Structure formats: C-alpha cells, structure tokens
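To start, the structure under review is shown below, and the notes come after it.
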Amino acid sequence: MRKTFNFLMAFLMLIALFTSCEESSGVATMRINLSSDTSRLIAPDDIPLEVVSYHITGSGPSDATFDITTTKTSTSLSGVAVGKWTINATGLNSLGQAIVTGSTTFTLSVNNPSVIVRLSNLVGEGNLSVSMKWNTEVVSSPRIELELTRQNEEESENITAQMNSAEGSASFTKTGLSAGSYILQGRLYSGDILMSGFTEAVRIVGEATSSKEIEFDLDDFPYAPGTIQLLDQSGVPVECTVEGLSSEVSAGEEVTISLVPSRANLKDLTVKWYVDGEYVATGESVDITFQPGSHRLDAVAYTNKIGSYGSCSISFNALVKTEVGVPGNAIRLDTSTTGLKMGANTVMKFLPDGKLMVISGVHNSLQIASMSRNTIDVDKEYGVASLPSLASDPVGMAYNLMDSSGTYAVVVAMNNPTTSVRFNYHSATGEVEQIEACNGIRTSLNNNPGTYAASVGHVGFDSIMNSFVFLGLNTDGKSNYVVERYVPSLTASKDYAFRAWNVSEQVEDNLAMDMMSATGFAVSPDSTYYLIGNADGNVARLGHRSFPNGAAMKSNYSIPTLDNPKYAGLKKIEFSNSGIAYIMGTDYIAGYNGATDREVFFKKVSGASFSDFTINDVTGNIYILSEDTMELYSYPLNSDGSVGNETIIDTLNSNSDVELSVDGSYLILYSKDAASNIELMRIRVN
C-alpha cells in the first residue's frame, strides 16, 4: 500500500493598499500580508483542502469597515482611515467552504502601513470514520488497540472499535474532533501476539467526515515504493523518496532509512517512523534493525505549519539472507505463549491449506493453527468432549483428499488403547470431526480381532487400495503387522474395517530376513510398493499381489539391492515426489531408486547423530536434524536423486523432530516427547 500526501505551505500576499501619505488627510496606505498553512492528505473525498480564495473583513475608526473576496495575491483599497483596525481573514476552498482563519489588531499610520495576518486556525469540528478488516483464517482471537494523537500534542486518546470477529472486521466513528492533523495508530493482536499494525496521518475538516477502510496486512505483504509529495512554502512540488528499504531486507542487521527530498531547501521537516504501528525513531535519516518476518513501515512527516501531517507506507519482509531452499530466520516460540498444547506424545502435520494440525497425548487435545508473521496462532481447539479418541498416545498421521469441497480424511495411528482414529478435516471451515476409532484389528478374511502393543508411527496412504497403512508392533518388538485401514467415504461405513498381514512371519519365512525392531516405513508415491526397514539395517520391499477374489495386499516380498550391514542404525524412510526413497540412519543419509532397484548414493556424516529428516519438494532440498549436536543439515537434491554440498545450520533448541509446510516455506523443529519450546524457521522458495 502506498499513500501520498501534500504539505501546502503557501504564503498569500493580500491587500497591498497605498493611499496619500499626508497625515492631515486622515488616511494612509494599509498593506496586509496573510500567511496560510494547509495540507492535503487523508481527508474527506468530496471536500478540497486547497485555498483558492480569501474573504477579508476589517473594522476600524469611526465604525469604518471593508469586506472583500479575492483570488489574487495582492489587492489595493483606497481611502482607509488611519487608526486602530481589526482584520479577519478566511481561506476558502473551491466550494466556498472555510478552511482556515486568522485575525489581528493593529494601528494604521503613515509610518506603520503593513500588517501580517497569519491564517493559523483551522475551521470547525469534523468526524473520523474508519473500518478495518483482516483474514479470519489467520487471526482466531482478534483484539485491536487504537490511539489518536492531535498534532503538537503528547497525549493520545484511546479509541474502542466495534468488533465483528466472525467476519474479521471492526469499525469506529469519532465525532466532534477539532479540525487539524492527527496520527492514527492501530495494532491487531491474536490473543497476546502482535499480528499487524498501521500508522496513518489523518486530516479533520470542519463539518465533514474523513473516512478510510484499512486492511491489516498479515503474511502476504505487497511492496510499494515509499514516495511522498510535499509542497514547500513557495508552492513548488517537492518529491520525497524513502531510500534504503526494499521488498526484502536482512533481518538482525541495521538498515539506514531516509526520507530524501529532491530539493535541499525544504526546511523544518520532521519525520517519525513506525514499525507495525509502534513508534521506533525520529529523523529524516534513521537506523532501524528489523526482526525476521513481514512488516509494515510507516513514515509520518510534517513541518511546523498547522495541518501538515502526511504519511506513506512500505510493506516488506525481513529475512536472514540464505540461498533458496536453505532454512534461516530461526525463532524460538514458547508454547505457553502461542497457546500450543504439546509436551510428551505430540504429533503435528501441515495440512494442504497451510494450517497445522497438532495432537497432544498429554493434553488429550487437537488444535488447528495458522502460520502468521513468523509465529503460530491457534485457530481451533478440540478436547475429548468433542473428539473422544484424543485420550490416547498419537504416534503418526496422514491425510487424503476426499471430495471437491476440500474435506480430507485424516488417520492418526495411536498406541494403546486405541489403534487408530479417523477424523474429517473440512478446509473450508477449519472444523474437525471424529468419524471412527478402531480398537484392535479385524482382518477382512475371518473377521477375527487381534491387537498389538504400539505403532512405529509412519502412516502412509495407498491410492491403489484407497487405504491408510502403518506398522503395528507386537509386544515382543517384532513388526508383526502392516495395518490397512479403508477409507471409502466421508462417513464411517466400512471405515472401521482393518486388514493386517504379519510382515515378520512372511519376510522371515520367505526371505530369511530378521525384521525385529522395525523403525522405518514408507509408501511410494504411486503406491506400487512399500519399504520397511529395521534398526539392524534390513530393508524389505513389499509389492501388491492380486487374488482370485479381487483382494490385493502387500505380500509380494523382495529384498532391494542394498548393502544391508551399512544401513545399521536405520531410523526413517521417506519418499520424494520424484519417487526416490531417502533412508536416514544415525550418521548417514542414502537414496534408493525403486524404478531401477539401485542405490543412488550413500553419504556417511562423521560426528552426526541424526534424529529426523524431511524433504522439501518445492525447493528440491532435504533437511536432516541432529538432536545431540543441535545442528540442521541442508542438502540440495540433484536431478538423479543424489545430494549436493551440505549447509550446516546451528539450531536454537535441542529438538528431535521436523515438520515442513506444504508450500516449503516453513520448517518446525520440535520434540515429540517434550516440547515446551519449538523452533520456527523460514525458507526462501524462489
């Protein structure tokens, strides 16, 4: 958003009146100079503020008077009596409305023929009407602070707006304001978190309403160059430019910003600077350090003339400069401040609409949160009253789009007593509803229930079978089951049906491979095969097999051409959209191409202790977290699936888990087992 304004500082020469210099005649020359100071900025749209004519009256000796209206800068009157005179002058706009007035008293004589009447009083009282709006998907608990300050006054007046939180709007009307210039400051909070702010210069005109609609900018900040057009005392336009600020600046580094007039002789100019509605500095040139995030910078400039406030705005991002795809701009967020309920047994997942789903086993809660202004704002929260199956230990989740309205099936794998829960997430409203919880396992063949003790936690979606799949562990630690949960519709229907196949028994019997302590599980993008790995470095590949009755299952077992011993310490398997499977161990990362059944690369990292990783398909990067050393490793992915040169980034917290937004721009570091603080990082995507 860009705002321009004018400072009108025009000297108006009125009434140069010369008469006979003979004292005995009782008359003399009267010369009246009028000085008028006005400006044009945020004001009523239908009322021009420029003075185009002047009404001057005088009353003098022996009830002598004069009354003239002129558009000229000088006017002559003849035969004006010497003595004491009172002069009143009013500046009028093109509609004949009074804008500014002034008066003075002086004694006219041959030796004292001139007087200056300064037009220094803006006329009347007016009103201010402002409406504001914001994105309700980003701000869940809005609160607005408003302050109005008159020119040359220190004290501000707090204003209360009428709020409509459901529609994301607020408004106020202030009546009976003295004509003149004001500064209006506004700040939008979500709870106690500052989300956005503005600072606007306002001009109040008598018998009129100054109005404006202001939108609180949140994440998506358009950039507009900061320019201001002033009028100096001679009425000559002077272009002023805000220099030193671009659409992106380096966060944490001092930036010099200046309001530079094109003419050096503009005098008595004061500039105040505001960031997100809060005052930060005064001066035509100032040094400001910005925190990472999206901001709005407002400049309010004025002279010592009345009614001379004006403002301009620039919106920009303050980023830690990194290469595209390399995380930076790390911020530590206290979960008690953001309102996130985490702690032990917490899982989170970014949803396709950019929202974050957070499920806490400690708090038995599910929250939907928004990313905004480099923080996390909780939009909705659910407990066991509305989602009964939250009273359990979540270990993993996945989603799949169900219909064109934006409803997603979300399946959460949990440990005892519930094996998995099905929710529906409605992206249009942000609402979550529980569809079904399943205890134990019911096979599709004999309908016999079975149970398992825990889940590995990696949940995937099989598009061929239209089912969610995850690993269930038996009490002896074996990867006993690949659990399939059908999701045929938006209602429960057959959603409760499970089918489970004993992976340990099948793999050990058919491949002579020990699958104890399974730690990794992932589904290929086309769902044609799964990969399962364990801590010993054994990796098995499961393919579909069809049966005469039409059933298909992952029982077509094979061993990938991987050197299993060097994969010891395997912790996680994840596929990129290109179909490359990335395998992470304690101190290595490897790539496997299932289409060619070959290892793409194997990279061992000395001294690392990797705990989690994720793939950024938007930028083509992979991020690997080392909890013990508090370091994040970033690698660009080459076209063949191998990794390029590493970038090592120090983290703020000792975290074990990572979660990446769908658009690739946010990275969250947290710990599933204990998370009083989480770390939020921004990523340049282009």
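Going through the structure tokens in order, the chains are called A, B, and so on, while each chain numbers its residues from 1 and the ligands are numbered from 1 in the order shown.
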
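For Gln97 of chain A, the non-local neighbours within 12 Å, defined as residues at least 3 positions apart in the same chain or in other chains and counting only C-alpha atoms, are Asp46, Ile47, Pro48, Leu49, Glu50, Val51, Val52, Ser53, Tyr54, His55, Thr90, Gly91, Leu92, Asn93, Ser94, Val100, Thr101, Leu122, Val123, Gly124, Val205, Gly206, Glu207 and Ala208 of chain A.
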
- [ ] Per DSSP on the backbone, filter segment 284-453 of chain A down to the residues in helix (DSSP H, G or I) and report them as a PyMOL selection string.
- [x] chain A and resi 335-338+388-390

File dump, residues just selected, C-alpha atoms, as a compact mmCIF listing (two decimals), in the first residue's frame:
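result05.txt written:
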```txt
# COMPACT_ATOMS: atom_id res chain seq x y z
CA THR A 335 4.33 -22.94 23.51
CA SER A 336 2.71 -21.33 26.55
CA THR A 337 2.75 -18.01 24.68
CA THR A 338 1.46 -19.34 21.38
CA PRO A 388 -13.34 -38.76 22.42
CA SER A 389 -10.41 -40.72 20.99
CA LEU A 390 -7.95 -37.94 21.79
```

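Counting from atom CA of Ile183 of chain A, the distance to atom CA of Glu147 of chain A is 8.0 Å.
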
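The smallest atom-to-atom distance between Ala281 of chain A and any of A:Val456, A:Ile257, A:Val600, A:Val395, using only C-alpha atoms, is found for A:Ile257.
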
Sorted by chain and rising residue number, list the residues of segment 508-548 of chain A at most 12 Å from segment 575-582 of chain A (counting only C-alpha atoms), each with its closest atom pair and distance in Å to one decimal, as CSV.
```
residue,atom,partner,partner_atom,distance
A:Gly520,CA,A:Tyr582,CA,10.7
A:Phe521,CA,A:Phe575,CA,10.1
A:Ala522,CA,A:Phe575,CA,6.9
A:Val523,CA,A:Phe575,CA,7.3
A:Ser524,CA,A:Phe575,CA,6.2
A:Pro525,CA,A:Gly579,CA,6.1
A:Asp526,CA,A:Gly579,CA,8.0
A:Ser527,CA,A:Gly579,CA,10.2
A:Thr528,CA,A:Gly579,CA,10.7
A:Tyr529,CA,A:Gly579,CA,10.8
A:Tyr530,CA,A:Ala581,CA,10.0
A:Leu531,CA,A:Ala581,CA,8.5
A:Ile532,CA,A:Ala581,CA,11.2
A:Gly533,CA,A:Tyr582,CA,11.7
A:Val539,CA,A:Ala581,CA,11.7
A:Arg541,CA,A:Ala581,CA,11.5
```

Written selection (N, CA and C atoms) as a PDB file, in the first residue's frame:
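out.pdb, written as the output of this step:
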```pdb
ATOM      1  N   GLY A 520      11.458 -48.005  10.214  1.00  0.00           N
ATOM      2  CA  GLY A 520      11.129 -47.179   9.059  1.00  0.00           C
ATOM      3  C   GLY A 520      10.067 -47.804   8.200  1.00  0.00           C
ATOM      4  N   PHE A 521       9.162 -46.971   7.661  1.00  0.00           N
ATOM      5  CA  PHE A 521       8.079 -47.472   6.831  1.00  0.00           C
ATOM      6  C   PHE A 521       7.608 -46.334   5.933  1.00  0.00           C
ATOM      7  N   ALA A 522       7.473 -46.585   4.623  1.00  0.00           N
ATOM      8  CA  ALA A 522       7.030 -45.546   3.704  1.00  0.00           C
ATOM      9  C   ALA A 522       6.372 -46.176   2.489  1.00  0.00           C
ATOM     10  N   VAL A 523       5.447 -45.416   1.883  1.00  0.00           N
ATOM     11  CA  VAL A 523       4.709 -45.843   0.701  1.00  0.00           C
ATOM     12  C   VAL A 523       5.195 -45.032  -0.489  1.00  0.00           C
ATOM     13  N   SER A 524       5.496 -45.701  -1.600  1.00  0.00           N
ATOM     14  CA  SER A 524       5.969 -44.991  -2.788  1.00  0.00           C
ATOM     15  C   SER A 524       4.873 -44.057  -3.306  1.00  0.00           C
ATOM     16  N   PRO A 525       5.242 -42.970  -4.010  1.00  0.00           N
ATOM     17  CA  PRO A 525       4.235 -42.005  -4.483  1.00  0.00           C
ATOM     18  C   PRO A 525       3.141 -42.625  -5.336  1.00  0.00           C
ATOM     19  N   ASP A 526       3.460 -43.659  -6.121  1.00  0.00           N
ATOM     20  CA  ASP A 526       2.440 -44.298  -6.947  1.00  0.00           C
ATOM     21  C   ASP A 526       1.798 -45.494  -6.256  1.00  0.00           C
ATOM     22  N   SER A 527       2.176 -45.745  -5.005  1.00  0.00           N
ATOM     23  CA  SER A 527       1.611 -46.813  -4.166  1.00  0.00           C
ATOM     24  C   SER A 527       1.911 -48.215  -4.680  1.00  0.00           C
ATOM     25  N   THR A 528       2.841 -48.367  -5.595  1.00  0.00           N
ATOM     26  CA  THR A 528       3.113 -49.695  -6.131  1.00  0.00           C
ATOM     27  C   THR A 528       3.936 -50.560  -5.182  1.00  0.00           C
ATOM     28  N   TYR A 529       4.646 -49.934  -4.239  1.00  0.00           N
ATOM     29  CA  TYR A 529       5.386 -50.748  -3.274  1.00  0.00           C
ATOM     30  C   TYR A 529       5.620 -49.959  -1.991  1.00  0.00           C
ATOM     31  N   TYR A 530       5.913 -50.724  -0.916  1.00  0.00           N
ATOM     32  CA  TYR A 530       6.292 -50.143   0.368  1.00  0.00           C
ATOM     33  C   TYR A 530       7.740 -50.510   0.648  1.00  0.00           C
ATOM     34  N   LEU A 531       8.396 -49.704   1.483  1.00  0.00           N
ATOM     35  CA  LEU A 531       9.696 -50.065   2.035  1.00  0.00           C
ATOM     36  C   LEU A 531       9.586 -50.125   3.545  1.00  0.00           C
ATOM     37  N   ILE A 532      10.138 -51.200   4.126  1.00  0.00           N
ATOM     38  CA  ILE A 532      10.169 -51.384   5.578  1.00  0.00           C
ATOM     39  C   ILE A 532      11.607 -51.655   5.978  1.00  0.00           C
ATOM     40  N   GLY A 533      12.087 -50.957   7.002  1.00  0.00           N
ATOM     41  CA  GLY A 533      13.451 -51.172   7.469  1.00  0.00           C
ATOM     42  C   GLY A 533      13.499 -51.283   8.979  1.00  0.00           C
ATOM     43  N   VAL A 539      16.282 -54.035   5.012  1.00  0.00           N
ATOM     44  CA  VAL A 539      15.239 -53.306   4.287  1.00  0.00           C
ATOM     45  C   VAL A 539      14.519 -54.292   3.380  1.00  0.00           C
ATOM     46  N   ARG A 541      11.168 -54.899   0.597  1.00  0.00           N
ATOM     47  CA  ARG A 541      10.269 -54.240  -0.347  1.00  0.00           C
ATOM     48  C   ARG A 541       9.016 -55.085  -0.494  1.00  0.00           C
TER      49      ARG A 541
END
```

Open item on the list: Applying 7 Å and only C-alpha atoms, which residues near Asp298 of chain A remain after dropping the ones on its own chain fewer than 6 positions away? List them as number ranges by chain.
Closed with: A: 199, 273-275, 311-314

TODO: For Ser405 of chain A, list every protein, DNA or RNA residue within 9 Å, evaluated using only C-alpha atoms, and leave out those in the same chain fewer than 3 positions away; present the list as a ChimeraX atom specification.
DONE: /A:402,426-428

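Residue nearest Met630 of chain A within the list A:Val117, A:Ile649, A:Val242, A:Ala518: A:Ile649 [criterion: smallest interatomic distance, only C-alpha atoms].
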
Just list as a short mmCIF file (atom, residue, chain, number, x, y, z; two decimals) with N, CA and C atoms, in the first residue's frame whatever in segment 54-207 of chain A DSSP marks as strand (DSSP E).
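See selection-v7.cif below for the written result:
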```cif
data_model
loop_
_atom_site.label_atom_id
_atom_site.label_comp_id
_atom_site.auth_asym_id
_atom_site.auth_seq_id
_atom_site.Cartn_x
_atom_site.Cartn_y
_atom_site.Cartn_z
N TYR A 54 -10.04 34.20 -0.79
CA TYR A 54 -9.86 34.72 0.56
C TYR A 54 -10.91 35.78 0.83
N HIS A 55 -11.55 35.65 1.98
CA HIS A 55 -12.55 36.62 2.41
C HIS A 55 -11.94 37.41 3.57
N ILE A 56 -11.79 38.73 3.36
CA ILE A 56 -11.14 39.57 4.35
C ILE A 56 -12.10 40.67 4.76
N THR A 57 -12.26 40.87 6.06
CA THR A 57 -13.08 41.96 6.59
C THR A 57 -12.25 42.78 7.55
N GLY A 58 -12.59 44.06 7.66
CA GLY A 58 -11.90 44.93 8.60
C GLY A 58 -12.86 45.90 9.26
N SER A 59 -12.60 46.22 10.51
CA SER A 59 -13.37 47.23 11.23
C SER A 59 -12.40 48.18 11.89
N THR A 65 -15.46 50.20 7.92
CA THR A 65 -15.33 48.76 7.63
C THR A 65 -14.95 48.54 6.18
N PHE A 66 -14.47 47.34 5.88
CA PHE A 66 -14.35 46.89 4.49
C PHE A 66 -14.60 45.39 4.45
N ASP A 67 -15.03 44.88 3.31
CA ASP A 67 -15.40 43.47 3.14
C ASP A 67 -15.09 43.10 1.69
N ILE A 68 -14.06 42.28 1.49
CA ILE A 68 -13.69 41.91 0.12
C ILE A 68 -13.45 40.41 0.03
N THR A 69 -13.61 39.87 -1.18
CA THR A 69 -13.24 38.50 -1.50
C THR A 69 -12.36 38.55 -2.75
N THR A 70 -11.23 37.88 -2.69
CA THR A 70 -10.29 37.95 -3.80
C THR A 70 -9.60 36.62 -4.00
N VAL A 80 -8.42 54.42 3.24
CA VAL A 80 -8.59 53.71 4.51
C VAL A 80 -8.18 54.64 5.65
N ALA A 81 -9.04 54.81 6.63
CA ALA A 81 -8.78 55.74 7.73
C ALA A 81 -7.64 55.26 8.59
N GLY A 83 -5.67 54.72 12.10
CA GLY A 83 -6.15 54.38 13.44
C GLY A 83 -6.13 52.88 13.67
N LYS A 84 -6.83 52.47 14.70
CA LYS A 84 -6.81 51.06 15.11
C LYS A 84 -7.79 50.26 14.27
N TRP A 85 -7.27 49.16 13.71
CA TRP A 85 -8.08 48.27 12.86
C TRP A 85 -8.00 46.82 13.36
N THR A 86 -9.12 46.12 13.20
CA THR A 86 -9.15 44.66 13.43
C THR A 86 -9.40 43.98 12.09
N ILE A 87 -8.48 43.10 11.71
CA ILE A 87 -8.56 42.42 10.41
C ILE A 87 -8.87 40.94 10.63
N ASN A 88 -9.89 40.42 9.94
CA ASN A 88 -10.23 39.00 9.96
C ASN A 88 -10.12 38.45 8.54
N ALA A 89 -9.49 37.31 8.41
CA ALA A 89 -9.32 36.69 7.09
C ALA A 89 -9.69 35.22 7.14
N THR A 90 -10.32 34.74 6.08
CA THR A 90 -10.71 33.32 5.98
C THR A 90 -10.28 32.80 4.62
N GLY A 91 -9.58 31.67 4.61
CA GLY A 91 -9.24 31.00 3.37
C GLY A 91 -10.35 30.05 2.96
N LEU A 92 -10.79 30.13 1.72
CA LEU A 92 -11.92 29.33 1.22
C LEU A 92 -11.44 28.36 0.15
N ALA A 98 -15.09 27.43 4.32
CA ALA A 98 -13.99 27.97 5.10
C ALA A 98 -13.04 26.85 5.52
N ILE A 99 -11.76 27.07 5.26
CA ILE A 99 -10.75 26.07 5.61
C ILE A 99 -9.89 26.55 6.78
N VAL A 100 -9.46 27.78 6.71
CA VAL A 100 -8.54 28.28 7.72
C VAL A 100 -8.84 29.76 7.96
N THR A 101 -8.66 30.23 9.20
CA THR A 101 -8.93 31.63 9.54
C THR A 101 -7.77 32.20 10.33
N GLY A 102 -7.79 33.55 10.41
CA GLY A 102 -6.83 34.25 11.24
C GLY A 102 -7.28 35.68 11.45
N SER A 103 -6.79 36.32 12.47
CA SER A 103 -7.16 37.71 12.74
C SER A 103 -6.03 38.40 13.49
N THR A 104 -6.05 39.72 13.43
CA THR A 104 -5.07 40.50 14.18
C THR A 104 -5.61 41.91 14.35
N THR A 105 -5.04 42.65 15.29
CA THR A 105 -5.38 44.05 15.51
C THR A 105 -4.11 44.89 15.43
N PHE A 106 -4.17 46.03 14.72
CA PHE A 106 -3.00 46.89 14.64
C PHE A 106 -3.46 48.32 14.38
N THR A 107 -2.55 49.26 14.56
CA THR A 107 -2.85 50.67 14.35
C THR A 107 -2.20 51.13 13.05
N LEU A 108 -3.06 51.56 12.12
CA LEU A 108 -2.58 52.01 10.81
C LEU A 108 -2.12 53.46 10.90
N SER A 114 1.91 48.38 7.28
CA SER A 114 1.83 46.94 6.94
C SER A 114 1.50 46.10 8.17
N VAL A 115 0.79 45.01 7.93
CA VAL A 115 0.45 44.07 9.00
C VAL A 115 0.41 42.67 8.41
N ILE A 116 0.79 41.68 9.21
CA ILE A 116 0.70 40.27 8.81
C ILE A 116 -0.43 39.61 9.58
N VAL A 117 -1.37 39.04 8.88
CA VAL A 117 -2.43 38.24 9.50
C VAL A 117 -2.14 36.78 9.18
N ARG A 118 -1.81 36.04 10.19
CA ARG A 118 -1.46 34.64 9.97
C ARG A 118 -2.72 33.78 10.06
N LEU A 119 -2.98 33.04 8.98
CA LEU A 119 -4.12 32.12 8.96
C LEU A 119 -3.69 30.83 9.67
N ASN A 121 -5.72 29.15 12.22
CA ASN A 121 -6.78 28.40 12.89
C ASN A 121 -7.60 27.65 11.86
N LEU A 122 -7.52 26.33 11.90
CA LEU A 122 -8.36 25.52 11.03
C LEU A 122 -9.79 25.58 11.53
N GLU A 125 -15.31 21.69 13.49
CA GLU A 125 -15.15 20.33 14.00
C GLU A 125 -15.64 19.35 12.96
N GLY A 126 -14.99 18.21 12.92
CA GLY A 126 -15.36 17.18 11.94
C GLY A 126 -15.36 15.81 12.57
N ASN A 127 -15.51 14.80 11.74
CA ASN A 127 -15.64 13.42 12.20
C ASN A 127 -14.60 12.53 11.54
N LEU A 128 -14.31 11.43 12.20
CA LEU A 128 -13.40 10.41 11.65
C LEU A 128 -14.09 9.07 11.70
N SER A 129 -14.19 8.41 10.56
CA SER A 129 -14.84 7.10 10.47
C SER A 129 -13.89 6.13 9.79
N VAL A 130 -13.52 5.07 10.48
CA VAL A 130 -12.54 4.11 9.98
C VAL A 130 -13.09 2.71 10.12
N SER A 131 -12.97 1.92 9.08
CA SER A 131 -13.29 0.50 9.14
C SER A 131 -12.03 -0.31 8.88
N MET A 132 -11.92 -1.44 9.53
CA MET A 132 -10.74 -2.29 9.42
C MET A 132 -11.18 -3.72 9.17
N LYS A 133 -10.32 -4.48 8.48
CA LYS A 133 -10.64 -5.88 8.25
C LYS A 133 -9.36 -6.70 8.25
N PRO A 142 -9.09 -12.09 17.79
CA PRO A 142 -8.64 -10.74 17.49
C PRO A 142 -8.86 -9.75 18.62
N ARG A 143 -7.93 -8.83 18.73
CA ARG A 143 -8.03 -7.70 19.66
C ARG A 143 -7.32 -6.52 19.01
N ILE A 144 -7.95 -5.34 19.06
CA ILE A 144 -7.40 -4.17 18.38
C ILE A 144 -7.15 -3.06 19.40
N GLU A 145 -5.97 -2.45 19.30
CA GLU A 145 -5.65 -1.26 20.07
C GLU A 145 -5.55 -0.08 19.11
N LEU A 146 -6.22 1.05 19.44
CA LEU A 146 -6.24 2.23 18.60
C LEU A 146 -5.89 3.46 19.42
N GLU A 147 -5.05 4.33 18.85
CA GLU A 147 -4.68 5.58 19.51
C GLU A 147 -4.74 6.71 18.50
N LEU A 148 -5.32 7.83 18.92
CA LEU A 148 -5.42 9.02 18.08
C LEU A 148 -4.71 10.17 18.76
N THR A 149 -3.75 10.80 18.06
CA THR A 149 -2.95 11.87 18.63
C THR A 149 -3.04 13.11 17.76
N ARG A 150 -3.42 14.24 18.36
CA ARG A 150 -3.50 15.51 17.63
C ARG A 150 -2.11 16.09 17.44
N GLU A 157 -5.37 9.66 22.63
CA GLU A 157 -6.68 9.22 23.07
C GLU A 157 -6.91 7.79 22.60
N ASN A 158 -7.24 6.90 23.53
CA ASN A 158 -7.55 5.52 23.18
C ASN A 158 -8.96 5.44 22.59
N ILE A 159 -9.09 4.68 21.53
CA ILE A 159 -10.37 4.55 20.84
C ILE A 159 -10.79 3.08 20.87
N GLN A 162 -15.81 -1.18 17.35
CA GLN A 162 -16.84 -2.21 17.38
C GLN A 162 -16.32 -3.41 16.59
N MET A 163 -16.23 -4.56 17.25
CA MET A 163 -15.61 -5.74 16.65
C MET A 163 -16.66 -6.70 16.09
N ASN A 164 -16.33 -7.29 14.95
CA ASN A 164 -17.09 -8.42 14.41
C ASN A 164 -16.08 -9.51 14.09
N SER A 169 -13.78 -8.00 10.97
CA SER A 169 -13.90 -6.58 10.72
C SER A 169 -14.12 -5.83 12.02
N ALA A 170 -13.82 -4.55 11.97
CA ALA A 170 -14.05 -3.66 13.10
C ALA A 170 -14.20 -2.25 12.55
N SER A 171 -14.82 -1.37 13.32
CA SER A 171 -15.02 0.00 12.86
C SER A 171 -15.24 0.92 14.04
N PHE A 172 -15.03 2.21 13.80
CA PHE A 172 -15.37 3.21 14.80
C PHE A 172 -15.66 4.53 14.08
N THR A 173 -16.44 5.39 14.73
CA THR A 173 -16.69 6.75 14.28
C THR A 173 -16.47 7.68 15.45
N LYS A 174 -15.62 8.66 15.26
CA LYS A 174 -15.30 9.64 16.29
C LYS A 174 -15.81 10.99 15.83
N THR A 175 -16.72 11.60 16.60
CA THR A 175 -17.32 12.87 16.21
C THR A 175 -16.76 14.01 17.05
N GLY A 176 -16.98 15.22 16.56
CA GLY A 176 -16.61 16.40 17.33
C GLY A 176 -15.12 16.62 17.46
N LEU A 177 -14.34 16.20 16.48
CA LEU A 177 -12.90 16.41 16.52
C LEU A 177 -12.56 17.78 15.95
N SER A 178 -11.70 18.50 16.63
CA SER A 178 -11.27 19.81 16.14
C SER A 178 -10.54 19.64 14.82
N GLY A 180 -7.95 19.73 11.98
CA GLY A 180 -6.50 19.70 12.06
C GLY A 180 -5.94 18.35 11.69
N SER A 181 -4.66 18.14 11.99
CA SER A 181 -3.96 16.90 11.65
C SER A 181 -3.83 16.01 12.88
N TYR A 182 -3.90 14.71 12.62
CA TYR A 182 -3.81 13.71 13.68
C TYR A 182 -2.98 12.54 13.17
N ILE A 183 -2.49 11.74 14.11
CA ILE A 183 -1.89 10.45 13.79
C ILE A 183 -2.79 9.37 14.39
N LEU A 184 -3.18 8.41 13.56
CA LEU A 184 -3.97 7.27 14.00
C LEU A 184 -3.09 6.03 13.96
N GLN A 185 -2.94 5.38 15.11
CA GLN A 185 -2.16 4.15 15.20
C GLN A 185 -3.09 2.99 15.55
N GLY A 186 -2.89 1.88 14.87
CA GLY A 186 -3.69 0.69 15.13
C GLY A 186 -2.82 -0.55 15.18
N ARG A 187 -3.13 -1.45 16.10
CA ARG A 187 -2.40 -2.71 16.24
C ARG A 187 -3.40 -3.85 16.40
N LEU A 188 -3.21 -4.90 15.61
CA LEU A 188 -4.08 -6.07 15.65
C LEU A 188 -3.35 -7.21 16.36
N TYR A 189 -3.98 -7.75 17.39
CA TYR A 189 -3.43 -8.86 18.15
C TYR A 189 -4.31 -10.10 17.96
N SER A 190 -3.68 -11.25 18.03
CA SER A 190 -4.40 -12.50 18.18
C SER A 190 -4.03 -13.03 19.56
N ILE A 193 -0.48 -11.95 20.87
CA ILE A 193 0.53 -11.92 19.81
C ILE A 193 0.21 -10.79 18.84
N LEU A 194 1.17 -9.87 18.64
CA LEU A 194 1.00 -8.79 17.68
C LEU A 194 1.06 -9.36 16.26
N MET A 195 -0.03 -9.19 15.51
CA MET A 195 -0.12 -9.75 14.17
C MET A 195 0.18 -8.72 13.08
N SER A 196 -0.27 -7.49 13.28
CA SER A 196 -0.10 -6.46 12.26
C SER A 196 -0.37 -5.11 12.88
N GLY A 197 0.02 -4.06 12.17
CA GLY A 197 -0.23 -2.71 12.66
C GLY A 197 -0.15 -1.69 11.55
N PHE A 198 -0.62 -0.48 11.83
CA PHE A 198 -0.55 0.60 10.85
C PHE A 198 -0.41 1.93 11.58
N THR A 199 0.09 2.92 10.88
CA THR A 199 0.13 4.30 11.34
C THR A 199 -0.29 5.18 10.17
N GLU A 200 -1.36 5.95 10.35
CA GLU A 200 -1.91 6.76 9.27
C GLU A 200 -2.00 8.22 9.72
N ALA A 201 -1.67 9.14 8.80
CA ALA A 201 -1.91 10.55 9.04
C ALA A 201 -3.34 10.88 8.62
N VAL A 202 -4.04 11.66 9.45
CA VAL A 202 -5.45 11.96 9.23
C VAL A 202 -5.64 13.47 9.26
N ARG A 203 -6.46 13.99 8.38
CA ARG A 203 -6.82 15.40 8.40
C ARG A 203 -8.32 15.51 8.66
N ILE A 204 -8.68 16.25 9.69
CA ILE A 204 -10.07 16.51 10.03
C ILE A 204 -10.47 17.88 9.50
#
```
